[in-house]
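Dropping work-v2.cif in here (mmCIF, C-alpha atoms):
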```cif
data_target
loop_
_atom_site.label_atom_id
_atom_site.label_comp_id
_atom_site.auth_asym_id
_atom_site.auth_seq_id
_atom_site.Cartn_x
_atom_site.Cartn_y
_atom_site.Cartn_z
CA MET A 1 -65.08 82.00 -4.30
CA ALA A 2 -62.51 82.33 -1.56
CA VAL A 3 -60.80 79.19 -0.25
CA SER A 4 -60.25 78.37 3.41
CA TYR A 5 -56.92 77.14 4.71
CA ARG A 6 -58.58 73.92 5.83
CA GLU A 7 -59.33 73.04 2.22
CA ILE A 8 -55.73 73.18 1.07
CA PHE A 9 -54.71 70.60 3.67
CA ALA A 10 -57.40 68.13 2.63
CA SER A 11 -54.97 66.35 0.30
CA PRO A 12 -52.87 63.55 1.83
CA GLY A 13 -49.36 64.59 2.83
CA ALA A 14 -49.94 68.35 2.60
CA TRP A 15 -49.48 69.14 6.27
CA LYS A 16 -46.36 66.96 6.46
CA PHE A 17 -44.38 68.70 3.72
CA SER A 18 -45.52 72.11 4.95
CA ALA A 19 -44.38 71.26 8.48
CA ALA A 20 -41.05 69.99 7.17
CA GLY A 21 -40.68 73.24 5.27
CA LEU A 22 -41.34 75.19 8.46
CA LEU A 23 -38.61 73.30 10.28
CA GLY A 24 -36.13 73.56 7.43
CA ARG A 25 -36.79 77.29 6.94
CA MET A 26 -35.99 78.25 10.51
CA PRO A 27 -32.31 78.75 9.54
CA LEU A 28 -33.48 81.40 7.07
CA SER A 29 -34.05 83.76 9.98
CA MET A 30 -31.69 82.18 12.50
CA THR A 31 -28.34 81.78 10.77
CA GLY A 32 -27.62 85.35 9.70
CA ILE A 33 -28.82 87.03 12.87
CA GLY A 34 -27.18 84.25 14.91
CA VAL A 35 -23.82 84.95 13.26
CA VAL A 36 -24.25 88.70 13.81
CA THR A 37 -25.03 88.12 17.50
CA MET A 38 -22.20 85.59 17.88
CA ILE A 39 -19.54 87.87 16.35
CA SER A 40 -20.74 90.94 18.23
CA GLN A 41 -20.72 88.97 21.49
CA LEU A 42 -17.19 87.69 20.97
CA THR A 43 -15.53 90.67 19.28
CA GLY A 44 -17.85 93.68 19.51
CA ARG A 45 -17.20 94.31 15.79
CA TYR A 46 -20.47 94.96 14.00
CA GLY A 47 -18.63 95.66 10.78
CA LEU A 48 -17.16 92.14 10.77
CA ALA A 49 -20.52 90.67 11.78
CA GLY A 50 -22.33 92.45 8.97
CA ALA A 51 -19.65 91.50 6.44
CA LEU A 52 -19.87 87.81 7.34
CA SER A 53 -23.64 87.92 7.12
CA ALA A 54 -23.27 89.57 3.72
CA VAL A 55 -20.89 86.88 2.45
CA MET A 56 -23.29 84.15 3.59
CA ALA A 57 -26.16 85.85 1.78
CA LEU A 58 -24.10 86.29 -1.39
CA SER A 59 -23.15 82.63 -1.23
CA LYS A 60 -26.82 81.66 -1.16
CA ALA A 61 -27.47 84.08 -4.01
CA ALA A 62 -24.77 82.49 -6.17
CA LEU A 63 -25.34 78.83 -5.35
CA GLY A 64 -29.08 78.70 -4.65
CA PRO A 65 -30.34 79.02 -8.26
CA GLN A 66 -27.82 76.44 -9.45
CA VAL A 67 -29.03 73.94 -6.87
CA SER A 68 -32.65 74.71 -7.80
CA ARG A 69 -31.89 74.12 -11.47
CA LEU A 70 -30.59 70.68 -10.50
CA VAL A 71 -33.76 70.13 -8.48
CA ASP A 72 -35.91 70.85 -11.56
CA ARG A 73 -33.89 68.27 -13.51
CA TYR A 74 -33.17 65.53 -10.97
CA GLY A 75 -35.64 66.00 -8.14
CA GLN A 76 -35.54 67.34 -4.60
CA ARG A 77 -34.29 64.22 -2.84
CA ARG A 78 -31.28 63.59 -5.10
CA THR A 79 -30.17 67.22 -5.00
CA LEU A 80 -30.99 68.64 -1.58
CA ARG A 81 -29.46 65.97 0.63
CA PRO A 82 -25.83 66.24 -0.56
CA ALA A 83 -26.09 70.02 -0.88
CA THR A 84 -27.32 70.28 2.69
CA LEU A 85 -24.39 68.26 4.02
CA VAL A 86 -21.95 70.64 2.32
CA SER A 87 -23.71 73.68 3.78
CA VAL A 88 -23.86 72.29 7.31
CA ALA A 89 -20.19 71.27 7.21
CA ALA A 90 -19.23 74.81 6.17
CA LEU A 91 -21.30 76.33 8.97
CA ALA A 92 -19.66 73.97 11.45
CA GLY A 93 -16.25 75.13 10.23
CA LEU A 94 -17.28 78.76 10.73
CA LEU A 95 -18.34 78.11 14.32
CA VAL A 96 -15.15 76.22 15.15
CA CYS A 97 -12.92 78.95 13.69
CA THR A 98 -14.85 81.62 15.59
CA GLN A 99 -14.63 79.74 18.86
CA GLN A 100 -10.90 79.14 18.42
CA GLY A 101 -10.16 82.76 17.50
CA ALA A 102 -8.90 81.89 14.01
CA PRO A 103 -7.91 84.67 11.56
CA ASP A 104 -10.76 86.60 9.95
CA TRP A 105 -10.07 85.19 6.50
CA THR A 106 -10.93 81.67 7.66
CA LEU A 107 -14.36 82.89 8.76
CA PHE A 108 -15.02 84.32 5.32
CA VAL A 109 -13.92 81.09 3.60
CA PHE A 110 -16.42 78.99 5.52
CA ALA A 111 -19.13 81.65 5.23
CA ALA A 112 -18.70 81.60 1.45
CA ALA A 113 -19.16 77.81 1.35
CA SER A 114 -22.32 77.79 3.46
CA GLY A 115 -24.86 78.73 0.77
CA CYS A 116 -25.31 75.46 -1.11
CA VAL A 117 -28.94 74.96 -0.07
CA PRO A 118 -31.63 77.20 -1.58
CA GLY A 119 -34.52 78.34 0.56
CA LEU A 120 -36.90 75.47 1.19
CA GLY A 121 -39.78 77.84 0.53
CA ALA A 122 -39.38 77.27 -3.23
CA MET A 123 -39.30 73.50 -2.69
CA VAL A 124 -42.50 73.53 -0.65
CA ARG A 125 -44.29 75.92 -3.02
CA ALA A 126 -43.39 73.63 -5.93
CA ARG A 127 -45.12 70.79 -4.06
CA TRP A 128 -48.20 72.94 -3.51
CA ALA A 129 -48.23 73.80 -7.23
CA ALA A 130 -48.16 70.11 -8.18
CA LEU A 131 -50.78 69.21 -5.57
CA HIS A 132 -53.41 71.86 -6.31
CA GLN A 133 -52.74 72.59 -9.97
CA ASN A 134 -56.33 71.79 -11.02
CA VAL A 135 -58.28 73.42 -8.17
CA PRO A 136 -59.34 77.07 -8.63
CA GLY A 137 -58.30 79.35 -5.79
CA ARG A 138 -56.31 76.87 -3.76
CA LEU A 139 -52.83 77.88 -4.91
CA HIS A 140 -53.50 81.45 -3.84
CA ALA A 141 -54.43 80.24 -0.35
CA ALA A 142 -51.49 77.80 -0.33
CA TYR A 143 -48.97 80.47 -1.29
CA ALA A 144 -50.43 82.82 1.29
CA TRP A 145 -50.13 80.05 3.86
CA GLU A 146 -46.46 79.59 3.04
CA SER A 147 -45.94 83.33 3.45
CA ILE A 148 -47.43 82.94 6.91
CA VAL A 149 -45.00 80.08 7.56
CA ASP A 150 -42.15 82.32 6.41
CA GLU A 151 -43.18 84.94 8.92
CA VAL A 152 -43.60 82.41 11.72
CA CYS A 153 -39.98 81.50 11.06
CA PHE A 154 -39.00 85.15 11.24
CA ILE A 155 -40.97 85.55 14.47
CA ALA A 156 -39.50 82.52 16.21
CA GLY A 157 -36.07 82.36 14.55
CA PRO A 158 -34.51 85.60 15.87
CA ILE A 159 -35.93 84.93 19.34
CA VAL A 160 -34.36 81.48 19.42
CA ALA A 161 -31.05 82.49 17.80
CA ILE A 162 -30.44 85.66 19.81
CA GLY A 163 -31.78 84.10 23.00
CA LEU A 164 -29.49 81.07 22.73
CA SER A 165 -26.42 83.11 21.80
CA THR A 166 -26.90 85.65 24.62
CA SER A 167 -28.04 83.32 27.39
CA TRP A 168 -26.23 80.05 26.63
CA PHE A 169 -23.03 80.51 24.59
CA PRO A 170 -22.33 82.73 21.56
CA GLU A 171 -22.22 79.91 19.00
CA ALA A 172 -25.48 78.35 20.15
CA GLY A 173 -27.79 80.20 17.75
CA PRO A 174 -26.04 79.21 14.49
CA LEU A 175 -25.47 75.70 15.83
CA VAL A 176 -29.16 75.08 16.47
CA SER A 177 -30.03 76.55 13.06
CA ALA A 178 -27.84 73.89 11.43
CA VAL A 179 -29.71 71.18 13.35
CA PHE A 180 -33.03 72.58 12.10
CA LEU A 181 -31.75 72.55 8.52
CA LEU A 182 -30.64 68.92 8.69
CA ALA A 183 -33.92 67.83 10.25
CA GLY A 184 -36.11 69.82 7.87
CA VAL A 185 -34.39 68.71 4.68
CA GLY A 186 -34.28 65.11 5.86
CA TRP A 187 -38.00 65.07 6.66
CA LEU A 188 -39.01 66.87 3.46
CA THR A 189 -36.98 64.69 1.11
CA ALA A 190 -38.26 61.54 2.82
CA GLN A 191 -41.77 62.39 1.58
CA ARG A 192 -41.61 60.95 -1.92
CA ALA A 193 -45.36 60.88 -2.66
CA THR A 194 -45.69 64.67 -2.88
CA GLU A 195 -42.31 65.39 -4.51
CA PRO A 196 -42.76 67.02 -7.94
CA VAL A 197 -41.69 64.76 -10.77
CA PRO A 198 -38.52 66.05 -12.48
CA HIS A 199 -39.10 67.31 -16.02
CA PRO A 200 -37.63 65.29 -18.90
CA PRO A 201 -34.46 66.72 -20.45
CA GLY A 202 -36.37 67.69 -23.60
CA GLU A 203 -38.47 70.21 -21.65
CA HIS A 204 -35.43 72.20 -20.55
CA THR A 205 -34.23 74.95 -22.82
CA GLY A 206 -30.67 74.77 -21.49
CA GLY A 207 -30.73 78.41 -20.45
CA SER A 208 -31.46 80.08 -17.17
CA ALA A 209 -34.92 81.15 -16.10
CA LEU A 210 -33.37 84.57 -15.54
CA ARG A 211 -33.57 85.19 -19.28
CA SER A 212 -37.17 86.23 -18.64
CA ARG A 213 -37.40 90.05 -18.73
CA GLY A 214 -40.21 90.00 -16.19
CA LEU A 215 -38.22 87.85 -13.78
CA GLN A 216 -35.30 90.25 -14.14
CA VAL A 217 -37.47 93.10 -12.86
CA LEU A 218 -38.59 91.04 -9.88
CA VAL A 219 -35.03 90.02 -9.00
CA VAL A 220 -33.58 93.53 -9.20
CA THR A 221 -36.44 94.94 -7.14
CA PHE A 222 -35.91 92.30 -4.49
CA VAL A 223 -32.24 93.16 -4.26
CA ALA A 224 -33.39 96.49 -2.83
CA THR A 225 -36.08 94.78 -0.77
CA GLY A 226 -33.53 92.37 0.68
CA ALA A 227 -31.39 95.36 1.67
CA ILE A 228 -34.35 96.50 3.77
CA PHE A 229 -34.51 93.16 5.58
CA GLY A 230 -30.76 92.81 6.09
CA SER A 231 -30.22 96.34 7.35
CA VAL A 232 -33.24 96.28 9.67
CA ASP A 233 -31.88 93.13 11.35
CA VAL A 234 -28.39 94.51 11.94
CA VAL A 235 -29.47 98.01 12.99
CA THR A 236 -32.17 96.72 15.34
CA VAL A 237 -29.69 94.49 17.16
CA ALA A 238 -27.30 97.44 17.48
CA TYR A 239 -30.05 99.85 18.54
CA ALA A 240 -31.31 97.50 21.24
CA GLY A 241 -27.71 97.11 22.42
CA GLU A 242 -27.27 100.89 22.67
CA MET A 243 -30.48 101.05 24.73
CA GLY A 244 -29.10 98.43 27.12
CA HIS A 245 -31.57 95.72 26.07
CA LYS A 246 -29.78 93.71 23.41
CA SER A 247 -31.82 90.56 23.99
CA SER A 248 -35.00 92.57 23.25
CA ALA A 249 -33.93 92.89 19.62
CA SER A 250 -35.41 89.45 18.92
CA LEU A 251 -38.80 90.56 20.23
CA VAL A 252 -38.76 93.75 18.18
CA LEU A 253 -37.89 91.83 15.02
CA ALA A 254 -40.59 89.29 15.86
CA VAL A 255 -43.15 92.12 15.88
CA TYR A 256 -42.01 93.03 12.37
CA ALA A 257 -42.66 89.47 11.23
CA LEU A 258 -45.94 89.33 13.15
CA GLY A 259 -47.31 92.21 11.10
CA SER A 260 -46.46 90.38 7.90
CA CYS A 261 -47.91 87.14 9.26
CA LEU A 262 -51.28 88.72 10.04
CA ALA A 263 -51.44 90.50 6.70
CA GLY A 264 -50.62 87.28 4.87
CA ALA A 265 -53.32 85.35 6.75
CA VAL A 266 -55.98 87.85 5.71
CA PHE A 267 -54.68 88.23 2.17
CA GLY A 268 -54.87 84.49 1.57
CA LEU A 269 -58.59 84.44 2.33
CA LEU A 270 -59.45 87.33 0.01
CA ARG A 271 -60.90 86.91 -3.46
CA MET A 272 -58.34 88.64 -5.62
CA ARG A 273 -59.24 90.52 -8.79
CA GLY A 274 -57.21 92.66 -11.14
CA PRO A 275 -53.64 92.27 -12.41
CA ALA A 276 -51.12 90.71 -10.05
CA ALA A 277 -48.56 93.20 -11.39
CA ARG A 278 -50.62 96.11 -10.07
CA ARG A 279 -50.97 94.53 -6.62
CA TRP A 280 -47.24 93.90 -6.58
CA LEU A 281 -46.39 97.49 -7.49
CA VAL A 282 -48.67 98.84 -4.75
CA GLY A 283 -47.06 96.45 -2.27
CA VAL A 284 -43.51 97.53 -3.13
CA GLY A 285 -44.50 101.18 -2.84
CA ALA A 286 -46.11 100.57 0.54
CA MET A 287 -42.97 98.82 1.77
CA ALA A 288 -40.90 101.86 0.78
CA VAL A 289 -43.21 104.31 2.57
CA SER A 290 -43.27 102.12 5.69
CA MET A 291 -39.52 102.68 6.21
CA ILE A 292 -40.00 106.40 6.89
CA PRO A 293 -41.34 106.07 10.49
CA LEU A 294 -38.25 104.07 11.50
CA GLN A 295 -36.22 107.26 11.26
CA LEU A 296 -38.42 108.86 13.94
CA ALA A 297 -38.63 106.06 16.52
CA GLY A 298 -37.00 107.17 19.77
CA SER A 299 -37.56 104.07 21.89
CA LEU A 300 -37.89 100.32 21.50
CA PRO A 301 -41.72 100.32 21.92
CA LEU A 302 -42.10 102.98 19.22
CA LEU A 303 -39.68 101.11 16.98
CA ALA A 304 -41.68 97.90 17.47
CA ALA A 305 -44.90 99.71 16.53
CA ALA A 306 -43.31 101.16 13.38
CA LEU A 307 -41.95 97.76 12.37
CA PHE A 308 -45.34 96.13 12.93
CA VAL A 309 -46.94 98.55 10.47
CA ALA A 310 -44.07 97.97 8.02
CA GLY A 311 -44.59 94.22 8.30
CA LEU A 312 -48.18 94.52 7.06
CA THR A 313 -46.81 95.27 3.59
CA VAL A 314 -44.49 92.26 3.26
CA ALA A 315 -46.49 89.04 2.87
CA PRO A 316 -49.08 90.34 0.36
CA THR A 317 -46.25 91.60 -1.82
CA MET A 318 -44.51 88.23 -1.67
CA VAL A 319 -47.68 86.32 -2.64
CA SER A 320 -48.14 88.59 -5.66
CA THR A 321 -44.52 87.95 -6.57
CA VAL A 322 -45.12 84.20 -6.87
CA ALA A 323 -48.00 84.87 -9.27
CA LEU A 324 -45.70 86.95 -11.46
CA VAL A 325 -42.95 84.32 -11.41
CA GLU A 326 -45.46 81.75 -12.67
CA ALA A 327 -46.55 84.12 -15.43
CA HIS A 328 -43.04 84.75 -16.76
CA VAL A 329 -41.22 81.43 -16.19
CA PRO A 330 -42.00 78.04 -17.82
CA ARG A 331 -43.07 75.38 -15.40
CA SER A 332 -40.04 73.23 -16.20
CA ALA A 333 -37.97 75.96 -14.48
CA LEU A 334 -40.48 76.96 -11.79
CA THR A 335 -38.30 76.03 -8.81
CA GLU A 336 -35.37 77.90 -10.30
CA GLY A 337 -37.54 80.93 -11.02
CA MET A 338 -38.83 81.06 -7.46
CA THR A 339 -35.30 80.71 -6.16
CA TRP A 340 -34.10 83.64 -8.27
CA THR A 341 -36.42 85.98 -6.36
CA SER A 342 -34.96 84.63 -3.13
CA THR A 343 -31.53 85.19 -4.66
CA GLY A 344 -32.35 88.84 -5.20
CA ILE A 345 -33.32 89.09 -1.56
CA CYS A 346 -30.09 87.36 -0.51
CA VAL A 347 -27.98 89.81 -2.51
CA GLY A 348 -29.91 92.67 -0.95
CA VAL A 349 -29.50 91.24 2.53
CA ALA A 350 -25.77 91.07 1.88
CA LEU A 351 -25.59 94.68 0.76
CA GLY A 352 -27.97 95.95 3.41
CA SER A 353 -26.42 94.14 6.36
CA SER A 354 -22.90 95.15 5.33
CA ALA A 355 -23.85 98.80 4.76
CA ALA A 356 -25.81 98.91 8.00
CA GLY A 357 -22.91 97.43 9.97
CA TRP A 358 -20.49 100.06 8.72
CA VAL A 359 -22.95 102.91 9.31
CA VAL A 360 -23.58 101.69 12.86
CA ASP A 361 -19.84 101.49 13.56
CA ALA A 362 -19.28 104.96 12.12
CA ALA A 363 -22.33 106.94 13.25
CA GLY A 364 -24.38 104.87 15.70
CA ALA A 365 -27.52 102.77 15.48
CA ARG A 366 -30.00 105.64 15.02
CA ALA A 367 -28.20 106.69 11.84
CA GLY A 368 -28.29 103.10 10.61
CA TYR A 369 -32.03 103.27 9.93
CA ALA A 370 -31.26 105.51 6.96
CA VAL A 371 -30.08 102.37 5.15
CA PRO A 372 -33.51 100.66 4.94
CA GLY A 373 -35.02 104.02 4.04
CA VAL A 374 -32.74 104.39 1.03
CA ALA A 375 -33.26 100.74 0.09
CA GLY A 376 -37.03 101.15 0.13
CA ALA A 377 -36.83 104.17 -2.16
CA ALA A 378 -34.60 102.22 -4.56
CA ALA A 379 -37.08 99.30 -4.62
CA ALA A 380 -39.93 101.64 -5.50
CA VAL A 381 -37.97 103.29 -8.32
CA VAL A 382 -37.02 99.94 -9.90
CA ALA A 383 -40.58 98.60 -9.55
CA VAL A 384 -42.07 101.62 -11.30
CA ALA A 385 -39.44 101.52 -14.05
CA GLY A 386 -40.03 97.80 -14.72
CA TYR A 387 -43.80 97.71 -14.29
CA ARG A 388 -44.53 97.66 -18.02
CA ARG A 389 -42.37 94.54 -18.44
CA LEU A 390 -44.47 92.75 -15.88
CA CYS A 391 -47.68 93.80 -17.61
CA ARG A 392 -46.60 92.38 -20.96
CA PRO A 393 -46.97 88.72 -21.90
CA ALA A 394 -43.81 86.66 -21.98
CA THR A 395 -41.70 86.61 -25.14
CA VAL A 396 -42.83 84.53 -28.09
CA SER A 397 -40.28 81.77 -27.49
CA ARG A 398 -41.20 81.56 -23.83
CA ARG A 399 -44.93 81.58 -24.62
CA LYS A 400 -44.47 78.65 -26.94
CA GLY A 401 -42.76 76.70 -24.20
CA ARG A 402 -45.59 77.41 -21.81
CA GLU A 403 -48.28 76.65 -24.39
CA ALA A 404 -46.76 73.20 -24.66
CA ASP A 405 -47.33 72.88 -20.94
CA GLY A 406 -50.94 74.06 -21.21
CA VAL A 407 -50.11 77.37 -19.55
CA PRO A 408 -52.09 80.54 -20.35
CA GLN A 409 -50.10 83.52 -21.56
CA ASN A 410 -51.65 86.30 -19.47
CA PRO A 411 -49.23 87.59 -16.80
CA HIS A 412 -52.09 89.18 -14.86
CA GLU A 413 -53.71 85.93 -13.81
CA HIS A 414 -54.64 85.14 -10.28
CA PRO A 415 -51.95 83.27 -8.34
CA GLY A 416 -54.38 81.22 -6.47
CA GLY A 417 -54.99 77.77 -7.81
CA ALA A 418 -54.42 76.37 -11.21
CA GLY A 419 -57.98 76.41 -12.39
CA ARG A 420 -59.73 76.29 -15.72
CA PRO A 421 -59.62 79.47 -17.80
CA GLY A 422 -62.94 81.13 -18.45
CA GLN A 423 -64.35 82.30 -21.73
CA ASP A 424 -62.06 85.32 -21.97
CA GLY A 425 -58.96 83.49 -20.79
CA ARG A 426 -58.85 85.49 -17.55
CA GLU A 427 -61.88 84.53 -15.50
CA GLY A 428 -62.35 81.14 -13.93
CA GLN A 429 -65.78 79.56 -13.62
CA ASP A 430 -66.12 80.85 -10.08
CA GLY A 431 -65.52 84.42 -11.25
CA GLN A 432 -61.90 84.51 -10.14
CA GLU A 433 -59.02 85.19 -12.46
CA ALA A 434 -57.86 81.84 -13.76
CA ALA A 435 -54.57 80.53 -12.45
CA ARG A 436 -52.05 78.63 -14.47
CA PRO A 437 -51.35 74.92 -14.09
CA VAL A 438 -47.80 74.41 -12.90
CA ALA A 439 -45.83 71.44 -11.71
#
```
For this file, produce the structure as structure tokens.
Amino acid sequence: MAVSYREIFASPGAWKFSAAGLLGRMPLSMTGIGVVTMISQLTGRYGLAGALSAVMALSKAALGPQVSRLVDRYGQRRTLRPATLVSVAALAGLLVCTQQGAPDWTLFVFAAASGCVPGLGAMVRARWAALHQNVPGRLHAAYAWESIVDEVCFIAGPIVAIGLSTSWFPEAGPLVSAVFLLAGVGWLTAQRATEPVPHPPGEHTGGSALRSRGLQVLVVTFVATGAIFGSVDVVTVAYAGEMGHKSSASLVLAVYALGSCLAGAVFGLLRMRGPAARRWLVGVGAMAVSMIPLQLAGSLPLLAAALFVAGLTVAPTMVSTVALVEAHVPRSALTEGMTWTSTGICVGVALGSSAAGWVVDAAGARAGYAVPGVAGAAAAVVAVAGYRRLCRPATVSRRKGREADGVPQNPHEHPGGAGRPGQDGREGQDGQEAARPVA
């Protein structure tokens, strides 16, 4: 049976770590767009703004999985606190150099050092996995809830970042995002009762979770998906500026996130059947098709409507992605595996924002919407090409590692709670596909 959102918060401490994750994830949507707005305000150079945003995303892509691997081994508190201090110090250096008019190369140096902290979404989802690992259906609702939280961040974040940078002072948006990061990480890591227990050294294979062929498909697909997100952000800011309403860009981007938020809320309450790989493939295809109307929007209201429809495809696809990560990655590397999908998005954001910035500078904002269109088509092609990998069980060596953890081998299982397998290994006692216990 379907699970309500009220049920997942019945466990002590659940609302606290989810709220801390919300606070700490605000920089996910604030920092990049805040830097783009700051640089465009001070220099008018969208190419530079997009390039800096790209470097920051690439930094997260390179450093995030390494930090997550340390989290799996040593715990969230011991790893995240020092990593956060490094990231915040680098962001502070970027703001100071920008304000003082320092050479461009100094901006890139600090931007490259700012990605030490992986997205807190993986940290919070790991806590949900440990909390509800034995309750059928609840992980599905919990993961859907966190997708809603992601979209709330993307609704509020651009509004706050762009609003502060345009109405207060240009550096205000990135500055406030750093404050949110410090507060969120501090609050989350202070909650020791719900922190997943690090796995003993003997459970780690010594290799990266990215050795999984299924995870490789997810990561490459999300490189193209991230290019959609990064390019839409940059082009929308530029398009709103050309229309004489630059501050409205935050509202338009918030509508994009609102569509995803609503879709995620409904998706989390549904009783899912069938392979997660199939749902994921349909979601990626729908995301690609949803980029086509952006090419035809001739005004901000029409653009907002097109982005709202596009947003409806995002959260359900992301929830299905988590199910596939669990199916192809051993639980001793779960945080790292989740972070690798975020890494793919970060690389894509880097490529998309940079490409969009140069297209806008060369041909105008309207032409820039071709970038997310091409990125969507690329995501669909990779998803179709790699679909069979996602349908197959994990490799023998990886299955053995998961069998030791008590993890079923079927990659089509339901992402929603870690319940008891049914008689055929796929159906739980409530009729749902059984989910895998993770920690």
Which residues of range 101-171 of chain A sit at most 10 Å from range 175-190 of chain A, using all atoms listed in the file? Give each one's shortest atom pair and distance in Å (one decimal place), in chain and ascending residue order, as CSV.
```
residue,atom,partner,partner_atom,distance
A:Val117,CA,A:Leu181,CA,9.4
A:Leu120,CA,A:Val185,CA,8.0
A:Met123,CA,A:Leu188,CA,9.0
A:Val124,CA,A:Leu188,CA,8.6
A:Gly157,CA,A:Ser177,CA,8.5
A:Val160,CA,A:Val176,CA,8.8
A:Ala161,CA,A:Ser177,CA,7.7
A:Leu164,CA,A:Val176,CA,8.7
A:Ser165,CA,A:Leu175,CA,9.6
A:Pro170,CA,A:Leu175,CA,9.6
A:Glu171,CA,A:Leu175,CA,6.2
```
Query - Picked residues, the PyMOL selection byres ((chain A and resi 228) around 8), expected as an NGL selection string - result: :A and (224-227 or 229-232 or 348-349 or 352 or 371-373 or 375-376)
Query raised in the report: Rounded to one decimal in Å, what is the spacing between CA of Leu85 in chain A and CA of Ala113 in chain A?
Result: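 Result for CA of Leu85 in chain A versus CA of Ala113 in chain A: 11.2 Å, one decimal.
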**Report entry** Nearest-residue call for Glu151 in chain A, choices A:Ala315, A:Ile33, A:Ile292, A:Leu48, using only C-alpha atoms
**Finding:**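 Closest to Glu151 in chain A of all the choices is A:Ala315.
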**Report entry** Closest of A:Ser250, A:Thr37, A:Ser29, A:Ser114 to Val149 in chain A - atom-to-atom distances counting only C-alpha atoms
**Finding:** A:Ser29
Report summary line: With distances taken over all atoms listed in the file, the candidate from A:Val284, A:Val347, A:Ala62, A:Leu390 nearest Val329 in chain A is A:Leu390
Give me the range 70-115 of chain A side of the contact with range 127-133 of chain A, cut-off 12 Å, one line per residue showing its nearest atom pair and distance in Å at one decimal, counting only C-alpha atoms, sorted by chain and residue number, as a tab-separated table.
```
residue	atom	partner	partner_atom	distance
A:Asp72	CA	A:Arg127	CA	11.9
A:Gly75	CA	A:Arg127	CA	11.4
A:Gln76	CA	A:Arg127	CA	10.2
```
Report task. Just the residues within 7 Å of Thr31 in chain A, please, counting only C-alpha atoms, with nothing from its chain fewer than 3 positions along; format it as a ChimeraX atom specification. Result -> /A:27-28,34-35,174,177
Report task. Would you mind listing what lies within 9 Å of Arg279 in chain A as JSON, numbers by chain, with only C-alpha atoms counted and same-chain residues fewer than 3 positions away left out? Result -> {"A": [274, 275, 276, 282, 283, 284, 316, 317, 320]}
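Nearest-residue note for Val152 in chain A: choosing from A:Gly264, A:Gly214, A:Gly50, A:Pro196, the minimum distance belongs to A:Gly264, counting only C-alpha atoms.
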Requested in this report: For Gly311 in chain A, please output as a PyMOL selection string all residues within 9 Å (counting all atoms listed in the file; exclusion window: fewer than 6 positions along the same chain).
Outcome: chain A and resi 255-263+287+290
Report task. List every protein, DNA or RNA residue that has an atom no more than 10 Å from (-33.9, 82.3, -2.8) in the file's coordinate frame, counting all atoms listed in the file, and report them as a PyMOL selection string. Result -> chain A and resi 28+57+60-65+68+117-122+219+335-347
Please, what is the axis-aligned box for every listed atom of range 139-151 of chain A with 5 Å on each side, as centre and edge lengths in Å to one decimal, as JSON?
```
{"center_x": -48.3, "center_y": 81.4, "center_z": 2.0, "size_x": 22.3, "size_y": 17.1, "size_z": 23.8}
```
Requested in this report: Give me the result of the PyMOL selection byres ((chain A and resi 73) around 6) on this file, residue by residue, as a ChimeraX atom specification.
Outcome: /A:70-72,74,198-199
Report task. Compute the distance from (-17.7, 80.6, -0.6) to each atom, counting only C-alpha atoms, keep the residues with any atom at most 12 Å away, and return them as a VMD selection string; use the coordinates of the file. Result -> chain A and resid 52 54 to 63 86 to 87 90 to 91 94 105 to 116
Query - Point-to-point distance in Å for CA of His245 in chain A and CA of Trp168 in chain A - result: 16.6 Å
